[in-house]
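start.cif (mmCIF, C-alpha atoms)
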```
data_start
#
loop_
_atom_site.group_PDB
_atom_site.id
_atom_site.type_symbol
_atom_site.label_atom_id
_atom_site.label_comp_id
_atom_site.auth_asym_id
_atom_site.auth_seq_id
_atom_site.Cartn_x
_atom_site.Cartn_y
_atom_site.Cartn_z
ATOM 1 C CA MET Q 1 -32.171 -0.953 -15.223
ATOM 2 C CA ARG Q 2 -34.038 -4.237 -15.640
ATOM 3 C CA ARG Q 3 -32.068 -4.875 -18.859
ATOM 4 C CA LEU Q 4 -28.805 -4.176 -17.022
ATOM 5 C CA LEU Q 5 -29.670 -6.633 -14.245
ATOM 6 C CA ASP Q 6 -30.784 -9.316 -16.729
ATOM 7 C CA LEU Q 7 -27.435 -8.972 -18.503
ATOM 8 C CA MET Q 8 -25.564 -9.195 -15.186
ATOM 9 C CA LEU Q 9 -27.438 -12.407 -14.352
ATOM 10 C CA ARG Q 10 -26.278 -13.781 -17.726
ATOM 11 C CA GLU Q 11 -22.727 -12.557 -16.966
ATOM 12 C CA ASP Q 12 -22.677 -10.523 -20.199
ATOM 13 C CA THR Q 13 -20.581 -7.687 -18.826
ATOM 14 C CA ASP Q 14 -19.673 -6.370 -22.295
ATOM 15 C CA ALA Q 15 -23.368 -5.865 -23.058
ATOM 16 C CA VAL Q 16 -23.798 -4.163 -19.671
ATOM 17 C CA ALA Q 17 -20.975 -1.733 -20.476
ATOM 18 C CA ASP Q 18 -22.590 -1.043 -23.848
ATOM 19 C CA LEU Q 19 -25.565 0.445 -21.961
ATOM 20 C CA TRP Q 20 -23.334 3.384 -20.916
ATOM 21 C CA ALA Q 21 -22.916 6.535 -22.945
ATOM 22 C CA GLU Q 22 -19.364 6.901 -24.208
ATOM 23 C CA HIS Q 23 -18.592 9.477 -21.506
ATOM 24 C CA GLY Q 24 -21.101 8.257 -18.900
ATOM 25 C CA ILE Q 25 -20.076 8.561 -15.260
ATOM 26 C CA THR Q 26 -20.385 5.874 -12.593
ATOM 27 C CA GLU Q 27 -20.075 6.783 -8.934
ATOM 28 C CA PHE Q 28 -19.784 4.610 -5.828
ATOM 29 C CA PRO Q 29 -20.363 7.061 -2.949
ATOM 30 C CA PHE Q 30 -19.943 4.376 -0.260
ATOM 31 C CA ALA Q 31 -16.843 2.754 -1.767
ATOM 32 C CA ALA Q 32 -14.053 2.070 0.693
ATOM 33 C CA GLY Q 33 -10.572 0.648 0.684
ATOM 34 C CA ASN Q 34 -9.201 -0.134 -2.770
ATOM 35 C CA SER Q 35 -12.598 0.063 -4.495
ATOM 36 C CA PRO Q 36 -12.880 2.905 -7.004
ATOM 37 C CA ARG Q 37 -15.108 5.848 -6.092
ATOM 38 C CA SER Q 38 -15.859 6.646 -9.725
ATOM 39 C CA LEU Q 39 -15.467 5.416 -13.287
ATOM 40 C CA ALA Q 40 -15.261 7.737 -16.276
ATOM 41 C CA GLY Q 41 -16.690 6.444 -19.532
ATOM 42 C CA ARG Q 42 -17.984 3.247 -21.064
ATOM 43 C CA GLU Q 43 -14.574 1.589 -21.471
ATOM 44 C CA GLU Q 44 -13.655 2.125 -17.830
ATOM 45 C CA VAL Q 45 -17.001 0.544 -16.871
ATOM 46 C CA ARG Q 46 -16.180 -2.366 -19.202
ATOM 47 C CA ARG Q 47 -12.786 -2.926 -17.546
ATOM 48 C CA TYR Q 48 -14.337 -2.673 -14.071
ATOM 49 C CA LEU Q 49 -17.026 -5.261 -14.844
ATOM 50 C CA ALA Q 50 -14.796 -7.692 -16.759
ATOM 51 C CA GLY Q 51 -13.714 -9.639 -13.671
ATOM 52 C CA PHE Q 52 -17.090 -9.747 -11.938
ATOM 53 C CA PRO Q 53 -18.148 -13.191 -13.262
ATOM 54 C CA GLN Q 54 -14.984 -14.691 -11.737
ATOM 55 C CA LEU Q 55 -15.771 -13.148 -8.339
ATOM 56 C CA CYS Q 56 -19.496 -13.571 -7.917
ATOM 57 C CA ASP Q 57 -22.155 -15.913 -9.218
ATOM 58 C CA MET Q 58 -25.139 -13.562 -9.082
ATOM 59 C CA ARG Q 59 -28.206 -15.790 -9.315
ATOM 60 C CA GLU Q 60 -31.278 -13.695 -8.536
ATOM 61 C CA VAL Q 61 -32.530 -10.151 -8.196
ATOM 62 C CA HIS Q 62 -35.242 -9.629 -5.580
ATOM 63 C CA ALA Q 63 -37.365 -6.759 -4.331
ATOM 64 C CA PHE Q 64 -36.911 -4.629 -7.455
ATOM 65 C CA THR Q 65 -38.602 -1.262 -6.948
ATOM 66 C CA ALA Q 66 -38.256 1.745 -9.252
ATOM 67 C CA HIS Q 67 -39.122 5.251 -8.094
ATOM 68 C CA ARG Q 68 -39.815 8.115 -10.465
ATOM 69 C CA THR Q 69 -38.189 11.456 -9.801
ATOM 70 C CA GLN Q 70 -39.124 14.966 -10.861
ATOM 71 C CA ARG Q 71 -36.660 14.557 -13.723
ATOM 72 C CA PRO Q 72 -37.967 12.335 -16.530
ATOM 73 C CA ASP Q 73 -34.451 11.111 -17.332
ATOM 74 C CA THR Q 74 -33.662 9.967 -13.765
ATOM 75 C CA ALA Q 75 -35.002 7.137 -11.602
ATOM 76 C CA ILE Q 76 -34.110 5.622 -8.242
ATOM 77 C CA VAL Q 77 -34.014 1.826 -8.164
ATOM 78 C CA GLU Q 78 -33.820 -0.452 -5.139
ATOM 79 C CA TYR Q 79 -33.080 -4.160 -5.370
ATOM 80 C CA ARG Q 80 -31.383 -7.081 -3.673
ATOM 81 C CA ALA Q 81 -28.962 -9.352 -5.495
ATOM 82 C CA THR Q 82 -28.208 -12.826 -4.201
ATOM 83 C CA GLY Q 83 -25.816 -15.509 -5.254
ATOM 84 C CA ARG Q 84 -22.494 -16.927 -4.159
ATOM 85 C CA SER Q 85 -18.954 -15.620 -3.851
ATOM 86 C CA LEU Q 86 -16.727 -17.695 -6.112
ATOM 87 C CA ARG Q 87 -13.657 -16.779 -4.066
ATOM 88 C CA THR Q 88 -15.008 -18.041 -0.726
ATOM 89 C CA GLY Q 89 -18.128 -20.048 -1.569
ATOM 90 C CA LYS Q 90 -20.037 -17.860 0.890
ATOM 91 C CA PRO Q 91 -23.538 -16.635 0.075
ATOM 92 C CA TYR Q 92 -23.689 -13.222 -1.555
ATOM 93 C CA ARG Q 93 -26.527 -10.895 -0.553
ATOM 94 C CA MET Q 94 -26.318 -7.232 -1.355
ATOM 95 C CA ASP Q 95 -28.944 -4.518 -1.105
ATOM 96 C CA TYR Q 96 -28.518 -1.728 -3.631
ATOM 97 C CA VAL Q 97 -29.933 1.713 -4.220
ATOM 98 C CA VAL Q 98 -29.073 3.122 -7.645
ATOM 99 C CA VAL Q 99 -29.772 6.592 -8.995
ATOM 100 C CA ILE Q 100 -29.670 6.268 -12.771
ATOM 101 C CA THR Q 101 -29.835 8.978 -15.433
ATOM 102 C CA VAL Q 102 -30.402 8.033 -19.063
ATOM 103 C CA GLU Q 103 -30.159 10.156 -22.195
ATOM 104 C CA ASP Q 104 -30.951 8.878 -25.684
ATOM 105 C CA GLY Q 105 -31.279 5.361 -24.264
ATOM 106 C CA LEU Q 106 -27.788 5.305 -22.714
ATOM 107 C CA ILE Q 107 -26.673 5.713 -19.110
ATOM 108 C CA THR Q 108 -25.046 9.087 -18.531
ATOM 109 C CA ARG Q 109 -24.806 8.881 -14.744
ATOM 110 C CA PHE Q 110 -25.037 5.860 -12.465
ATOM 111 C CA ARG Q 111 -24.734 6.340 -8.699
ATOM 112 C CA ASP Q 112 -24.479 2.949 -7.003
ATOM 113 C CA TYR Q 113 -24.996 2.871 -3.222
ATOM 114 C CA TRP Q 114 -23.888 -0.527 -1.892
ATOM 115 C CA ASN Q 115 -22.425 -1.844 1.358
ATOM 116 C CA PRO Q 116 -18.641 -2.326 1.132
ATOM 117 C CA LEU Q 117 -18.605 -4.354 4.378
ATOM 118 C CA ALA Q 118 -21.122 -6.914 3.067
ATOM 119 C CA ASN Q 119 -19.158 -7.178 -0.178
ATOM 120 C CA ALA Q 120 -15.840 -7.658 1.640
ATOM 121 C CA GLU Q 121 -17.347 -10.298 3.938
ATOM 122 C CA ALA Q 122 -18.737 -12.328 1.036
ATOM 123 C CA SER Q 123 -15.551 -12.041 -1.010
ATOM 124 C CA GLY Q 124 -13.208 -12.861 1.859
ATOM 125 C CA THR Q 125 -11.489 -9.467 1.736
ATOM 126 C CA LEU Q 126 -12.779 -8.041 5.014
ATOM 127 C CA PRO Q 127 -9.323 -8.073 6.704
ATOM 128 C CA GLU Q 128 -7.850 -6.126 3.755
ATOM 129 C CA LEU Q 129 -10.714 -3.619 3.841
ATOM 130 C CA VAL Q 130 -10.304 -3.072 7.592
ATOM 131 C CA ALA Q 131 -6.545 -2.672 7.170
ATOM 132 C CA SER Q 132 -7.013 -0.100 4.407
ATOM 133 C CA LEU Q 133 -9.522 1.819 6.538
ATOM 134 C CA ASN Q 134 -7.118 1.764 9.495
ATOM 135 C CA SER Q 135 -4.320 3.136 7.304
ATOM 136 C CA GLU Q 136 -6.618 5.914 6.031
ATOM 137 C CA VAL Q 137 -7.526 6.887 9.610
ATOM 138 C CA ALA Q 138 -3.849 6.899 10.609
ATOM 139 C CA ARG Q 139 -3.061 9.490 7.938
#
```
What does the file become when written as structure tokens?
Amino acid sequence: MRRLLDLMLREDTDAVADLWAEHGITEFPFAAGNSPRSLAGREEVRRYLAGFPQLCDMREVHAFTAHRTQRPDTAIVEYRATGRSLRTGKPYRMDYVVVITVEDGLITRFRDYWNPLANAEASGTLPELVASLNSEVAR
């Protein structure tokens, strides 16, 4: 996880995607609006991450804490990322909790719990997120 975050700080999203197993799964349980709830496989992760450096200038990772689980291949990691939204110029501050499972040195499952409201506020897409939530409720 530390390697992944170091690569994100360097904006090397291809190297980040290379940390995934070919068929590794990524899940975003708190995703809302147009954000994907899951990604299937390394190449889907690569496509998802490709635009991140144009959206966010992630500068620092704070409060990194890793928790062991009863499974030796799984850990829970908490951290805070800070930086700046390149779309709005607003500060970016996101608290994350990640449950990560690794097999043979590659990520097989990555559950990323982040706040879609904080992300939408920093990126200037809060009105679109609210509109998409309203349309979901109306259905």
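Each of Q:Arg87, Q:Arg46, Q:Arg109, Q:Arg68 was checked against Ala21 in chain Q using all atoms listed in the file; the smallest atom-to-atom distance is that of Q:Arg109.
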Legend entry - Option closest in space to Met58 in chain Q, from Q:Ala31, Q:Ile107, Q:Leu5, Q:Ala17 [counting all atoms listed in the file]: Q:Leu5
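Run against this file, the PyMOL selection byres ((chain Q and resi 115) around 8) gives back Phe30, Ala31, Met94, Asp95, Tyr96, Tyr113, Trp114, Pro116, Leu117, Ala118 and Asn119 of chain Q.
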Legend entry - Between CA of His23 in chain Q and CA of Met1 in chain Q - distance in Å to one decimal: 18.2 Å
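With distances restricted to all atoms listed in the file, Q:Pro53 is the closest residue to Leu86 in chain Q from Q:Asp73, Q:Pro53, Q:Val61, Q:Thr108.
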Inset, instruction - Mind giving me the straight-line distance from CA of Gly105 in chain Q to CA of Trp20 in chain Q in Å, one decimal? - result: 8.8 Å
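CA of Leu106 in chain Q is found 12.6 Å from CA of Thr26 in chain Q.
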Inset, instruction - Check the smallest atom-to-atom distance from each of Q:Glu103, Q:Glu11, Q:Glu43, Q:Asp57 to Thr82 in chain Q using all atoms listed in the file, then report the winner. - result: Q:Asp57
Legend entry - Residues matched by the PyMOL selection byres ((chain Q and resi 52) around 12), written as a PyMOL selection string: chain Q and resi 8-14+16+45-51+53-58+84-87+123
Legend entry - Neighbours of point (-30.0, 5.6, -13.6) within 7 Å, using all atoms listed in the file, written as JSON, numbers by chain: {"Q": [74, 75, 76, 98, 99, 100, 101, 102, 107, 109, 110]}
Inset, instruction - I would like the residues chosen by the PyMOL selection byres ((chain Q and resi 63) around 7) on the shown file; could you give them as a PyMOL selection string? - result: chain Q and resi 62+64-65+79-80
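Minimum distance to Leu39 in chain Q across Q:Ala122, Q:Tyr92, Q:Arg111, Q:Leu129 (counting only C-alpha atoms) occurs at Q:Arg111.
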